[in-house]
$ cat final-v7.cif   # mmCIF, N, CA and C atoms
data_work
#
loop_
_atom_site.label_atom_id
_atom_site.label_comp_id
_atom_site.auth_asym_id
_atom_site.auth_seq_id
_atom_site.Cartn_x
_atom_site.Cartn_y
_atom_site.Cartn_z
N VAL A 1 -29.05 16.67 14.62
CA VAL A 1 -28.06 16.16 15.55
C VAL A 1 -27.72 14.70 15.21
N GLY A 2 -28.74 13.92 14.92
CA GLY A 2 -28.52 12.52 14.59
C GLY A 2 -27.72 12.36 13.31
N LYS A 3 -28.01 13.23 12.34
CA LYS A 3 -27.29 13.18 11.06
C LYS A 3 -25.81 13.51 11.27
N GLU A 4 -25.52 14.49 12.14
CA GLU A 4 -24.13 14.86 12.43
C GLU A 4 -23.40 13.71 13.11
N ARG A 5 -24.08 13.01 14.00
CA ARG A 5 -23.46 11.86 14.68
C ARG A 5 -23.12 10.76 13.68
N VAL A 6 -24.02 10.50 12.75
CA VAL A 6 -23.78 9.47 11.73
C VAL A 6 -22.58 9.87 10.87
N GLU A 7 -22.54 11.16 10.46
CA GLU A 7 -21.43 11.63 9.64
C GLU A 7 -20.11 11.55 10.39
N GLU A 8 -20.10 11.88 11.68
CA GLU A 8 -18.88 11.77 12.50
C GLU A 8 -18.45 10.31 12.62
N GLY A 9 -19.41 9.41 12.77
CA GLY A 9 -19.09 7.99 12.86
C GLY A 9 -18.46 7.47 11.58
N ILE A 10 -19.00 7.89 10.44
CA ILE A 10 -18.44 7.48 9.15
C ILE A 10 -17.04 8.06 8.99
N LYS A 11 -16.86 9.32 9.37
CA LYS A 11 -15.54 9.95 9.26
C LYS A 11 -14.53 9.23 10.14
N ARG A 12 -14.92 8.89 11.36
CA ARG A 12 -14.04 8.17 12.27
C ARG A 12 -13.67 6.79 11.71
N GLN A 13 -14.66 6.11 11.11
CA GLN A 13 -14.42 4.79 10.53
C GLN A 13 -13.43 4.88 9.38
N ARG A 14 -13.53 5.90 8.53
CA ARG A 14 -12.60 6.05 7.41
C ARG A 14 -11.19 6.39 7.89
N GLN A 15 -11.07 7.14 9.00
CA GLN A 15 -9.76 7.40 9.58
C GLN A 15 -9.12 6.10 10.06
N GLU A 16 -9.92 5.24 10.68
CA GLU A 16 -9.40 3.95 11.13
C GLU A 16 -8.97 3.09 9.95
N VAL A 17 -9.72 3.13 8.85
CA VAL A 17 -9.35 2.38 7.64
C VAL A 17 -8.01 2.87 7.11
N ARG A 18 -7.81 4.20 7.07
CA ARG A 18 -6.53 4.76 6.60
C ARG A 18 -5.38 4.28 7.47
N GLN A 19 -5.59 4.28 8.79
CA GLN A 19 -4.53 3.85 9.70
C GLN A 19 -4.27 2.35 9.59
N ASP A 20 -5.32 1.54 9.48
CA ASP A 20 -5.16 0.09 9.37
C ASP A 20 -4.56 -0.33 8.05
N SER A 21 -4.68 0.49 7.02
CA SER A 21 -4.16 0.11 5.70
C SER A 21 -2.64 -0.03 5.73
N TYR A 22 -1.96 0.70 6.61
CA TYR A 22 -0.51 0.57 6.72
C TYR A 22 -0.14 -0.83 7.20
N ILE A 23 -0.94 -1.38 8.08
CA ILE A 23 -0.67 -2.69 8.66
C ILE A 23 -0.84 -3.79 7.62
N ASN A 24 -1.85 -3.70 6.78
CA ASN A 24 -2.20 -4.76 5.83
C ASN A 24 -1.62 -4.54 4.43
N LYS A 25 -0.44 -3.94 4.33
CA LYS A 25 0.16 -3.70 3.02
C LYS A 25 0.54 -4.99 2.30
N ALA A 26 0.70 -6.09 3.04
CA ALA A 26 1.18 -7.34 2.45
C ALA A 26 0.07 -8.12 1.72
N ILE A 27 -1.18 -7.72 1.85
CA ILE A 27 -2.27 -8.42 1.15
C ILE A 27 -2.14 -8.14 -0.34
N SER A 28 -2.12 -9.21 -1.14
CA SER A 28 -1.99 -9.03 -2.58
C SER A 28 -3.35 -9.24 -3.26
N ILE A 29 -3.45 -8.76 -4.48
CA ILE A 29 -4.68 -8.92 -5.25
C ILE A 29 -4.95 -10.40 -5.49
N GLU A 30 -3.90 -11.17 -5.76
CA GLU A 30 -4.05 -12.60 -6.01
C GLU A 30 -4.66 -13.32 -4.80
N ASP A 31 -4.25 -12.92 -3.58
CA ASP A 31 -4.82 -13.51 -2.37
C ASP A 31 -6.32 -13.27 -2.30
N VAL A 32 -6.73 -12.04 -2.60
CA VAL A 32 -8.15 -11.68 -2.53
C VAL A 32 -8.95 -12.39 -3.61
N VAL A 33 -8.39 -12.52 -4.81
CA VAL A 33 -9.08 -13.21 -5.90
C VAL A 33 -9.34 -14.67 -5.55
N LEU A 34 -8.35 -15.31 -4.94
CA LEU A 34 -8.47 -16.74 -4.62
C LEU A 34 -9.37 -17.00 -3.41
N ASN A 35 -9.43 -16.08 -2.46
CA ASN A 35 -10.22 -16.28 -1.24
C ASN A 35 -10.87 -14.96 -0.82
N PRO A 36 -11.88 -14.49 -1.55
CA PRO A 36 -12.44 -13.17 -1.27
C PRO A 36 -13.12 -13.06 0.10
N GLY A 37 -13.72 -14.12 0.56
CA GLY A 37 -14.43 -14.06 1.84
C GLY A 37 -13.53 -13.73 3.02
N ALA A 38 -12.31 -14.21 2.98
CA ALA A 38 -11.38 -13.97 4.09
C ALA A 38 -10.88 -12.54 4.13
N TYR A 39 -10.89 -11.85 3.00
CA TYR A 39 -10.33 -10.51 2.94
C TYR A 39 -11.36 -9.39 2.83
N THR A 40 -12.62 -9.72 2.66
CA THR A 40 -13.65 -8.70 2.56
C THR A 40 -13.72 -7.93 3.89
N GLY A 41 -13.69 -6.61 3.79
CA GLY A 41 -13.71 -5.76 4.98
C GLY A 41 -12.33 -5.39 5.49
N GLN A 42 -11.27 -5.98 4.93
CA GLN A 42 -9.91 -5.67 5.35
C GLN A 42 -9.47 -4.32 4.77
N SER A 43 -8.63 -3.61 5.52
CA SER A 43 -8.06 -2.36 5.05
C SER A 43 -6.78 -2.67 4.28
N VAL A 44 -6.60 -2.03 3.14
CA VAL A 44 -5.43 -2.26 2.30
C VAL A 44 -4.88 -0.94 1.77
N GLU A 45 -3.62 -0.99 1.36
CA GLU A 45 -3.00 0.12 0.64
C GLU A 45 -2.37 -0.47 -0.61
N TRP A 46 -2.91 -0.12 -1.77
CA TRP A 46 -2.42 -0.62 -3.05
C TRP A 46 -2.11 0.56 -3.94
N GLU A 47 -1.19 0.36 -4.87
CA GLU A 47 -0.82 1.43 -5.79
C GLU A 47 -0.50 0.86 -7.16
N GLY A 48 -0.65 1.71 -8.17
CA GLY A 48 -0.38 1.31 -9.54
C GLY A 48 -0.74 2.44 -10.49
N ASP A 49 -0.95 2.09 -11.75
CA ASP A 49 -1.30 3.07 -12.79
C ASP A 49 -2.78 2.97 -13.11
N ALA A 50 -3.43 4.09 -13.37
CA ALA A 50 -4.84 4.09 -13.76
C ALA A 50 -4.98 3.40 -15.11
N ALA A 51 -5.93 2.47 -15.22
CA ALA A 51 -6.12 1.72 -16.46
C ALA A 51 -7.36 2.18 -17.22
N PHE A 52 -8.50 2.29 -16.52
CA PHE A 52 -9.73 2.76 -17.14
C PHE A 52 -10.69 3.22 -16.06
N MET A 53 -11.76 3.91 -16.47
CA MET A 53 -12.73 4.47 -15.53
C MET A 53 -14.13 4.13 -16.01
N ASP A 54 -15.09 4.10 -15.05
CA ASP A 54 -16.50 3.98 -15.40
C ASP A 54 -17.35 4.48 -14.24
N THR A 55 -18.65 4.38 -14.38
CA THR A 55 -19.58 4.76 -13.34
C THR A 55 -20.54 3.60 -13.14
N ALA A 56 -20.74 3.21 -11.89
CA ALA A 56 -21.67 2.12 -11.57
C ALA A 56 -22.49 2.53 -10.35
N ARG A 57 -23.79 2.32 -10.44
CA ARG A 57 -24.71 2.67 -9.35
C ARG A 57 -24.55 4.14 -8.93
N GLY A 58 -24.26 4.99 -9.89
CA GLY A 58 -24.14 6.43 -9.63
C GLY A 58 -22.84 6.85 -8.99
N LYS A 59 -21.87 5.93 -8.85
CA LYS A 59 -20.58 6.28 -8.24
C LYS A 59 -19.46 6.11 -9.25
N ASP A 60 -18.51 7.04 -9.19
CA ASP A 60 -17.35 6.96 -10.06
C ASP A 60 -16.47 5.79 -9.62
N ARG A 61 -15.86 5.12 -10.60
CA ARG A 61 -14.91 4.05 -10.30
C ARG A 61 -13.69 4.22 -11.18
N VAL A 62 -12.53 4.00 -10.58
CA VAL A 62 -11.26 4.01 -11.29
C VAL A 62 -10.66 2.63 -11.11
N PHE A 63 -10.11 2.07 -12.18
CA PHE A 63 -9.49 0.76 -12.11
C PHE A 63 -7.99 0.94 -12.25
N VAL A 64 -7.26 0.30 -11.35
CA VAL A 64 -5.82 0.50 -11.24
C VAL A 64 -5.09 -0.81 -11.52
N ASN A 65 -4.06 -0.74 -12.35
CA ASN A 65 -3.22 -1.89 -12.69
C ASN A 65 -1.95 -1.82 -11.84
N ILE A 66 -1.71 -2.83 -11.00
CA ILE A 66 -0.55 -2.78 -10.11
C ILE A 66 0.72 -3.31 -10.76
N SER A 67 0.62 -3.98 -11.89
CA SER A 67 1.77 -4.58 -12.54
C SER A 67 2.11 -3.83 -13.83
N ALA A 68 3.32 -3.27 -13.87
CA ALA A 68 3.74 -2.52 -15.06
C ALA A 68 3.95 -3.45 -16.26
N SER A 69 4.22 -4.72 -16.00
CA SER A 69 4.48 -5.66 -17.09
C SER A 69 3.20 -6.25 -17.69
N ALA A 70 2.06 -6.09 -17.02
CA ALA A 70 0.80 -6.64 -17.52
C ALA A 70 0.00 -5.55 -18.23
N ASN A 71 -0.49 -5.85 -19.41
CA ASN A 71 -1.30 -4.90 -20.18
C ASN A 71 -2.76 -5.06 -19.75
N PRO A 72 -3.37 -4.03 -19.14
CA PRO A 72 -4.75 -4.16 -18.67
C PRO A 72 -5.78 -4.26 -19.78
N ASP A 73 -5.39 -4.04 -21.03
CA ASP A 73 -6.31 -4.18 -22.15
C ASP A 73 -6.59 -5.65 -22.46
N SER A 74 -5.68 -6.53 -22.06
CA SER A 74 -5.88 -7.95 -22.34
C SER A 74 -5.74 -8.83 -21.10
N ASN A 75 -5.03 -8.38 -20.08
CA ASN A 75 -4.79 -9.17 -18.87
C ASN A 75 -5.17 -8.35 -17.65
N MET A 76 -6.31 -8.64 -17.05
CA MET A 76 -6.76 -7.88 -15.89
C MET A 76 -6.56 -8.63 -14.58
N ASP A 77 -5.59 -9.55 -14.54
CA ASP A 77 -5.31 -10.29 -13.32
C ASP A 77 -4.69 -9.42 -12.25
N HIS A 78 -4.14 -8.27 -12.63
CA HIS A 78 -3.47 -7.38 -11.68
C HIS A 78 -4.20 -6.05 -11.54
N VAL A 79 -5.49 -6.04 -11.81
CA VAL A 79 -6.29 -4.81 -11.77
C VAL A 79 -7.28 -4.89 -10.62
N PHE A 80 -7.44 -3.78 -9.90
CA PHE A 80 -8.48 -3.68 -8.88
C PHE A 80 -9.28 -2.40 -9.10
N GLY A 81 -10.51 -2.40 -8.63
CA GLY A 81 -11.39 -1.24 -8.80
C GLY A 81 -11.44 -0.42 -7.54
N VAL A 82 -11.62 0.88 -7.71
CA VAL A 82 -11.74 1.81 -6.59
C VAL A 82 -13.08 2.53 -6.71
N VAL A 83 -13.89 2.43 -5.66
CA VAL A 83 -15.17 3.11 -5.59
C VAL A 83 -15.01 4.30 -4.66
N PHE A 84 -15.60 5.42 -5.03
CA PHE A 84 -15.48 6.64 -4.23
C PHE A 84 -16.81 6.97 -3.58
N PRO A 85 -16.81 7.33 -2.29
CA PRO A 85 -18.06 7.64 -1.60
C PRO A 85 -18.78 8.86 -2.17
N ARG A 86 -18.03 9.82 -2.67
CA ARG A 86 -18.60 11.00 -3.30
C ARG A 86 -18.01 11.15 -4.69
N SER A 87 -18.60 12.02 -5.48
CA SER A 87 -18.10 12.19 -6.84
C SER A 87 -16.70 12.81 -6.81
N LEU A 88 -15.92 12.47 -7.82
CA LEU A 88 -14.55 12.96 -7.92
C LEU A 88 -14.53 14.41 -8.37
N PRO A 89 -13.51 15.17 -7.96
CA PRO A 89 -13.42 16.56 -8.41
C PRO A 89 -13.07 16.62 -9.89
N ASN A 90 -13.41 17.72 -10.50
CA ASN A 90 -13.10 17.94 -11.92
C ASN A 90 -11.67 18.45 -12.00
N ASP A 91 -10.72 17.52 -12.00
CA ASP A 91 -9.30 17.85 -12.00
C ASP A 91 -8.61 17.00 -13.06
N PRO A 92 -7.70 17.56 -13.84
CA PRO A 92 -7.06 16.77 -14.90
C PRO A 92 -6.18 15.63 -14.37
N ARG A 93 -5.79 15.67 -13.11
CA ARG A 93 -4.98 14.58 -12.55
C ARG A 93 -5.81 13.33 -12.33
N VAL A 94 -7.14 13.48 -12.25
CA VAL A 94 -8.04 12.34 -12.09
C VAL A 94 -8.44 11.87 -13.48
N SER A 95 -7.64 10.98 -14.05
CA SER A 95 -7.92 10.47 -15.39
C SER A 95 -7.18 9.16 -15.60
N ILE A 96 -7.43 8.55 -16.74
CA ILE A 96 -6.73 7.29 -17.05
C ILE A 96 -5.28 7.56 -17.42
N TYR A 97 -4.89 8.81 -17.51
CA TYR A 97 -3.51 9.17 -17.81
C TYR A 97 -2.70 9.40 -16.55
N SER A 98 -3.27 9.14 -15.38
CA SER A 98 -2.53 9.27 -14.13
C SER A 98 -1.45 8.19 -14.10
N THR A 99 -0.22 8.63 -13.87
CA THR A 99 0.89 7.68 -13.91
C THR A 99 1.04 6.90 -12.62
N HIS A 100 0.46 7.39 -11.55
CA HIS A 100 0.57 6.67 -10.28
C HIS A 100 -0.66 6.97 -9.42
N VAL A 101 -1.30 5.92 -8.95
CA VAL A 101 -2.48 6.06 -8.09
C VAL A 101 -2.23 5.23 -6.84
N THR A 102 -2.35 5.85 -5.67
CA THR A 102 -2.22 5.14 -4.40
C THR A 102 -3.56 5.18 -3.70
N VAL A 103 -4.04 4.02 -3.26
CA VAL A 103 -5.36 3.93 -2.63
C VAL A 103 -5.23 3.29 -1.27
N LYS A 104 -5.82 3.93 -0.28
CA LYS A 104 -5.99 3.35 1.04
C LYS A 104 -7.48 3.19 1.23
N GLY A 105 -7.90 1.98 1.54
CA GLY A 105 -9.33 1.77 1.66
C GLY A 105 -9.65 0.38 2.16
N LYS A 106 -10.94 0.05 2.06
CA LYS A 106 -11.47 -1.21 2.57
C LYS A 106 -11.97 -2.04 1.40
N ILE A 107 -11.65 -3.34 1.41
CA ILE A 107 -12.10 -4.24 0.36
C ILE A 107 -13.59 -4.51 0.54
N LEU A 108 -14.38 -4.16 -0.48
CA LEU A 108 -15.83 -4.37 -0.43
C LEU A 108 -16.21 -5.76 -0.92
N GLY A 109 -15.48 -6.27 -1.88
CA GLY A 109 -15.79 -7.57 -2.46
C GLY A 109 -15.07 -7.74 -3.78
N VAL A 110 -15.54 -8.68 -4.58
CA VAL A 110 -14.94 -8.94 -5.89
C VAL A 110 -16.04 -8.96 -6.95
N GLU A 111 -15.69 -8.60 -8.18
CA GLU A 111 -16.64 -8.66 -9.28
C GLU A 111 -15.89 -8.75 -10.60
N LYS A 112 -16.58 -9.26 -11.62
CA LYS A 112 -16.02 -9.31 -12.96
C LYS A 112 -15.90 -7.89 -13.48
N LEU A 113 -14.79 -7.59 -14.13
CA LEU A 113 -14.55 -6.25 -14.63
C LEU A 113 -14.69 -6.20 -16.14
N LEU A 114 -15.18 -5.07 -16.64
CA LEU A 114 -15.26 -4.81 -18.07
C LEU A 114 -14.39 -3.60 -18.36
N ASN A 115 -13.33 -3.81 -19.13
CA ASN A 115 -12.44 -2.72 -19.51
C ASN A 115 -13.17 -1.84 -20.51
N THR A 116 -13.45 -0.61 -20.14
CA THR A 116 -14.22 0.29 -21.00
C THR A 116 -13.42 0.79 -22.20
N VAL A 117 -12.10 0.61 -22.18
CA VAL A 117 -11.26 1.04 -23.30
C VAL A 117 -11.20 -0.05 -24.36
N SER A 118 -10.84 -1.29 -23.94
CA SER A 118 -10.66 -2.38 -24.91
C SER A 118 -11.89 -3.29 -25.03
N LYS A 119 -12.90 -3.08 -24.16
CA LYS A 119 -14.14 -3.87 -24.15
C LYS A 119 -13.90 -5.36 -23.85
N THR A 120 -12.85 -5.67 -23.09
CA THR A 120 -12.60 -7.04 -22.66
C THR A 120 -13.03 -7.20 -21.20
N THR A 121 -13.32 -8.43 -20.82
CA THR A 121 -13.70 -8.70 -19.43
C THR A 121 -12.59 -9.45 -18.73
N SER A 122 -12.59 -9.37 -17.42
CA SER A 122 -11.58 -10.07 -16.64
C SER A 122 -11.90 -11.56 -16.60
N GLY A 123 -10.87 -12.37 -16.52
CA GLY A 123 -11.05 -13.81 -16.45
C GLY A 123 -11.60 -14.24 -15.10
N ARG A 124 -11.19 -13.55 -14.04
CA ARG A 124 -11.65 -13.86 -12.69
C ARG A 124 -12.28 -12.62 -12.08
N ARG A 125 -12.94 -12.82 -10.98
CA ARG A 125 -13.51 -11.67 -10.26
C ARG A 125 -12.39 -10.95 -9.52
N GLN A 126 -12.28 -9.66 -9.73
CA GLN A 126 -11.22 -8.84 -9.18
C GLN A 126 -11.74 -8.01 -7.99
N PRO A 127 -10.84 -7.61 -7.07
CA PRO A 127 -11.27 -6.85 -5.88
C PRO A 127 -11.76 -5.44 -6.20
N ILE A 128 -12.73 -5.01 -5.40
CA ILE A 128 -13.24 -3.63 -5.43
C ILE A 128 -12.98 -3.03 -4.04
N VAL A 129 -12.36 -1.85 -4.02
CA VAL A 129 -11.97 -1.19 -2.79
C VAL A 129 -12.73 0.13 -2.66
N GLU A 130 -13.28 0.39 -1.46
CA GLU A 130 -13.87 1.70 -1.21
C GLU A 130 -12.78 2.60 -0.66
N ALA A 131 -12.54 3.72 -1.32
CA ALA A 131 -11.42 4.60 -0.97
C ALA A 131 -11.71 5.40 0.30
N ALA A 132 -10.73 5.42 1.20
CA ALA A 132 -10.74 6.33 2.33
C ALA A 132 -9.77 7.48 2.04
N GLU A 133 -8.72 7.16 1.26
CA GLU A 133 -7.77 8.17 0.81
C GLU A 133 -7.20 7.71 -0.52
N VAL A 134 -7.08 8.61 -1.46
CA VAL A 134 -6.53 8.28 -2.77
C VAL A 134 -5.64 9.43 -3.23
N THR A 135 -4.51 9.06 -3.85
CA THR A 135 -3.56 10.04 -4.37
C THR A 135 -3.38 9.80 -5.86
N PHE A 136 -3.62 10.83 -6.67
CA PHE A 136 -3.44 10.76 -8.11
C PHE A 136 -2.20 11.58 -8.47
N THR A 137 -1.28 10.97 -9.21
CA THR A 137 -0.07 11.65 -9.66
C THR A 137 -0.03 11.61 -11.18
N ARG A 138 0.27 12.74 -11.77
CA ARG A 138 0.39 12.84 -13.23
C ARG A 138 1.67 13.59 -13.54
N THR A 139 2.43 13.13 -14.52
CA THR A 139 3.77 13.66 -14.76
C THR A 139 3.79 15.15 -15.11
N GLN A 140 2.75 15.67 -15.73
CA GLN A 140 2.75 17.08 -16.14
C GLN A 140 2.53 18.03 -14.96
N TYR A 141 2.16 17.51 -13.79
CA TYR A 141 1.84 18.35 -12.64
C TYR A 141 2.85 18.11 -11.53
N ASP A 142 3.27 19.21 -10.87
CA ASP A 142 4.26 19.10 -9.81
C ASP A 142 3.71 18.40 -8.57
N GLN A 143 2.51 18.77 -8.18
CA GLN A 143 1.92 18.24 -6.95
C GLN A 143 0.90 17.15 -7.25
N PRO A 144 0.92 16.08 -6.47
CA PRO A 144 -0.14 15.06 -6.62
C PRO A 144 -1.45 15.57 -6.00
N LEU A 145 -2.54 14.99 -6.43
CA LEU A 145 -3.86 15.33 -5.88
C LEU A 145 -4.20 14.27 -4.82
N VAL A 146 -4.36 14.71 -3.58
CA VAL A 146 -4.71 13.80 -2.48
C VAL A 146 -6.15 14.08 -2.07
N ILE A 147 -6.98 13.03 -2.09
CA ILE A 147 -8.38 13.18 -1.72
C ILE A 147 -8.63 12.26 -0.52
N ARG A 148 -9.14 12.84 0.57
CA ARG A 148 -9.49 12.08 1.76
C ARG A 148 -10.99 12.16 1.98
N TYR A 149 -11.58 11.02 2.31
CA TYR A 149 -13.02 10.98 2.56
C TYR A 149 -13.29 10.77 4.02
#
$ encode --input "final-v7.cif" --output "structure tokens"
Amino acid sequence: VGKERVEEGIKRQRQEVRQDSYINKAISIEDVVLNPGAYTGQSVEWEGDAAFMDTARGKDRVFVNISASANPDSNMDHVFGVVFPRSLPNDPRVSIYSTHVTVKGKILGVEKLLNTVSKTTSGRRQPIVEAAEVTFTRTQYDQPLVIRY
């Protein structure tokens, strides 16, 4: 019974994060990089193209580049990381070839990023977001993949 209550509480909290993310759409990555303490715990909705993926502390992470003009292989000033509470499904839309990724979630903090494709590191600490809802779109597929936690 206690475990079910905890799970319901977590589910309710993630629903609130999804709803609050609409309100905080104006928060930019640059704002969080310059003043991470003020934005940690805030709900955000960010979107961009998948740049690279890795696994840290047993959790899958996808890194998203919000600027089409910036190359994430050399300039990671416009990249943020997405951490998932559970492992990602084995679906071809979940890859670095996703043309559009939309994330609703909560900012956990900032950290230096290592691009697993080009082996370069970010100049500054970039935001990491815990996903409450994520949508992966790939051009070869008609329907996007929407994952809610």
$ atom_distance --input "final-v7.cif" --atom1 "atom C of Val146 (chain A)" --atom2 "CA of Val134 (chain A)"
5.9 Å
$ closest_atom_pairs --input "final-v7.cif" --of "region 45-95 of chain A" --to "region 128-131 of chain A" --cutoff "6.5 Å" --atoms "all atoms listed in the file" --output "CSV"
residue,atom,partner,partner_atom,distance
A:Phe80,C,A:Ile128,CA,5.5
A:Gly81,C,A:Val129,N,3.9
A:Val82,CA,A:Val129,C,4.4
A:Val83,N,A:Val129,C,4.0
A:Phe84,CA,A:Ala131,N,5.1
A:Pro85,N,A:Ala131,N,5.7
$ write_last_selection --input "final-v7.cif" --atoms "N, CA and C atoms" --output "PDB file, keeping the file's coordinate frame"
ATOM      1  N   PHE A  80      -7.440  -3.780  -9.900  1.00  0.00           N
ATOM      2  CA  PHE A  80      -8.480  -3.680  -8.880  1.00  0.00           C
ATOM      3  C   PHE A  80      -9.280  -2.400  -9.100  1.00  0.00           C
ATOM      4  N   GLY A  81     -10.510  -2.400  -8.630  1.00  0.00           N
ATOM      5  CA  GLY A  81     -11.390  -1.240  -8.800  1.00  0.00           C
ATOM      6  C   GLY A  81     -11.440  -0.420  -7.540  1.00  0.00           C
ATOM      7  N   VAL A  82     -11.620   0.880  -7.710  1.00  0.00           N
ATOM      8  CA  VAL A  82     -11.740   1.810  -6.590  1.00  0.00           C
ATOM      9  C   VAL A  82     -13.080   2.530  -6.710  1.00  0.00           C
ATOM     10  N   VAL A  83     -13.890   2.430  -5.660  1.00  0.00           N
ATOM     11  CA  VAL A  83     -15.170   3.110  -5.590  1.00  0.00           C
ATOM     12  C   VAL A  83     -15.010   4.300  -4.660  1.00  0.00           C
ATOM     13  N   PHE A  84     -15.600   5.420  -5.030  1.00  0.00           N
ATOM     14  CA  PHE A  84     -15.480   6.640  -4.230  1.00  0.00           C
ATOM     15  C   PHE A  84     -16.810   6.970  -3.580  1.00  0.00           C
ATOM     16  N   PRO A  85     -16.810   7.330  -2.290  1.00  0.00           N
ATOM     17  CA  PRO A  85     -18.060   7.640  -1.600  1.00  0.00           C
ATOM     18  C   PRO A  85     -18.780   8.860  -2.170  1.00  0.00           C
TER      19      PRO A  85
END
$ residues_near_point --input "final-v7.cif" --point "(-13.7, -12.7, -15.0)" --cutoff "6 Å" --atoms "only N, CA and C atoms" --output "ChimeraX atom specification"
/A:112-113,121-125
$ atom_distance --input "final-v7.cif" --atom1 "atom N of Thr102 (chain A)" --atom2 "CA of Gly58 (chain A)"
22.2 Å
$ closest_residue --input "final-v7.cif" --among "A:Gln13, A:His100, A:Asp91, A:Val32" --to "Gln126 (chain A)" --atoms "all atoms listed in the file"
A:Val32
$ resolve_selection --input "final-v7.cif" --expression "the PyMOL selection byres ((chain A and resi 66) around 6.5)" --output "ChimeraX atom specification"
/A:47-49,64-65,67-69,78-80
$ atom_distance --input "final-v7.cif" --atom1 "atom C of Leu34 (chain A)" --atom2 "atom C of Ile107 (chain A)"
13.8 Å
$ select_by_dssp --input "final-v7.cif" --residues "chain A" --states "helix (DSSP H, G or I)" --output "VMD selection string"
chain A and resid 2 to 23 29 to 34 36 to 39
$ write_last_selection --input "final-v7.cif" --atoms "N, CA and C atoms" --output "tab-separated table (two decimals), in the coordinates of the input"
chain	number	residue	atom	x	y	z
A	2	GLY	N	-28.74	13.92	14.92
A	2	GLY	CA	-28.52	12.52	14.59
A	2	GLY	C	-27.72	12.36	13.31
A	3	LYS	N	-28.01	13.23	12.34
A	3	LYS	CA	-27.29	13.18	11.06
A	3	LYS	C	-25.81	13.51	11.27
A	4	GLU	N	-25.52	14.49	12.14
A	4	GLU	CA	-24.13	14.86	12.43
A	4	GLU	C	-23.40	13.71	13.11
A	5	ARG	N	-24.08	13.01	14.00
A	5	ARG	CA	-23.46	11.86	14.68
A	5	ARG	C	-23.12	10.76	13.68
A	6	VAL	N	-24.02	10.50	12.75
A	6	VAL	CA	-23.78	9.47	11.73
A	6	VAL	C	-22.58	9.87	10.87
A	7	GLU	N	-22.54	11.16	10.46
A	7	GLU	CA	-21.43	11.63	9.64
A	7	GLU	C	-20.11	11.55	10.39
A	8	GLU	N	-20.10	11.88	11.68
A	8	GLU	CA	-18.88	11.77	12.50
A	8	GLU	C	-18.45	10.31	12.62
A	9	GLY	N	-19.41	9.41	12.77
A	9	GLY	CA	-19.09	7.99	12.86
A	9	GLY	C	-18.46	7.47	11.58
A	10	ILE	N	-19.00	7.89	10.44
A	10	ILE	CA	-18.44	7.48	9.15
A	10	ILE	C	-17.04	8.06	8.99
A	11	LYS	N	-16.86	9.32	9.37
A	11	LYS	CA	-15.54	9.95	9.26
A	11	LYS	C	-14.53	9.23	10.14
A	12	ARG	N	-14.92	8.89	11.36
A	12	ARG	CA	-14.04	8.17	12.27
A	12	ARG	C	-13.67	6.79	11.71
A	13	GLN	N	-14.66	6.11	11.11
A	13	GLN	CA	-14.42	4.79	10.53
A	13	GLN	C	-13.43	4.88	9.38
A	14	ARG	N	-13.53	5.90	8.53
A	14	ARG	CA	-12.60	6.05	7.41
A	14	ARG	C	-11.19	6.39	7.89
A	15	GLN	N	-11.07	7.14	9.00
A	15	GLN	CA	-9.76	7.40	9.58
A	15	GLN	C	-9.12	6.10	10.06
A	16	GLU	N	-9.92	5.24	10.68
A	16	GLU	CA	-9.40	3.95	11.13
A	16	GLU	C	-8.97	3.09	9.95
A	17	VAL	N	-9.72	3.13	8.85
A	17	VAL	CA	-9.35	2.38	7.64
A	17	VAL	C	-8.01	2.87	7.11
A	18	ARG	N	-7.81	4.20	7.07
A	18	ARG	CA	-6.53	4.76	6.60
A	18	ARG	C	-5.38	4.28	7.47
A	19	GLN	N	-5.59	4.28	8.79
A	19	GLN	CA	-4.53	3.85	9.70
A	19	GLN	C	-4.27	2.35	9.59
A	20	ASP	N	-5.32	1.54	9.48
A	20	ASP	CA	-5.16	0.09	9.37
A	20	ASP	C	-4.56	-0.33	8.05
A	21	SER	N	-4.68	0.49	7.02
A	21	SER	CA	-4.16	0.11	5.70
A	21	SER	C	-2.64	-0.03	5.73
A	22	TYR	N	-1.96	0.70	6.61
A	22	TYR	CA	-0.51	0.57	6.72
A	22	TYR	C	-0.14	-0.83	7.20
A	23	ILE	N	-0.94	-1.38	8.08
A	23	ILE	CA	-0.67	-2.69	8.66
A	23	ILE	C	-0.84	-3.79	7.62
A	29	ILE	N	-3.45	-8.76	-4.48
A	29	ILE	CA	-4.68	-8.92	-5.25
A	29	ILE	C	-4.95	-10.40	-5.49
A	30	GLU	N	-3.90	-11.17	-5.76
A	30	GLU	CA	-4.05	-12.60	-6.01
A	30	GLU	C	-4.66	-13.32	-4.80
A	31	ASP	N	-4.25	-12.92	-3.58
A	31	ASP	CA	-4.82	-13.51	-2.37
A	31	ASP	C	-6.32	-13.27	-2.30
A	32	VAL	N	-6.73	-12.04	-2.60
A	32	VAL	CA	-8.15	-11.68	-2.53
A	32	VAL	C	-8.95	-12.39	-3.61
A	33	VAL	N	-8.39	-12.52	-4.81
A	33	VAL	CA	-9.08	-13.21	-5.90
A	33	VAL	C	-9.34	-14.67	-5.55
A	34	LEU	N	-8.35	-15.31	-4.94
A	34	LEU	CA	-8.47	-16.74	-4.62
A	34	LEU	C	-9.37	-17.00	-3.41
A	36	PRO	N	-11.88	-14.49	-1.55
A	36	PRO	CA	-12.44	-13.17	-1.27
A	36	PRO	C	-13.12	-13.06	0.10
A	37	GLY	N	-13.72	-14.12	0.56
A	37	GLY	CA	-14.43	-14.06	1.84
A	37	GLY	C	-13.53	-13.73	3.02
A	38	ALA	N	-12.31	-14.21	2.98
A	38	ALA	CA	-11.38	-13.97	4.09
A	38	ALA	C	-10.88	-12.54	4.13
A	39	TYR	N	-10.89	-11.85	3.00
A	39	TYR	CA	-10.33	-10.51	2.94
A	39	TYR	C	-11.36	-9.39	2.83
$ residues_around --input "final-v7.cif" --residues "Tyr39 (chain A)" --least-positions-apart "3" --cutoff "9 Å" --atoms "only C-alpha atoms" --output "number ranges by chain"
A: 27, 31-32, 35-36, 42-43, 107-109
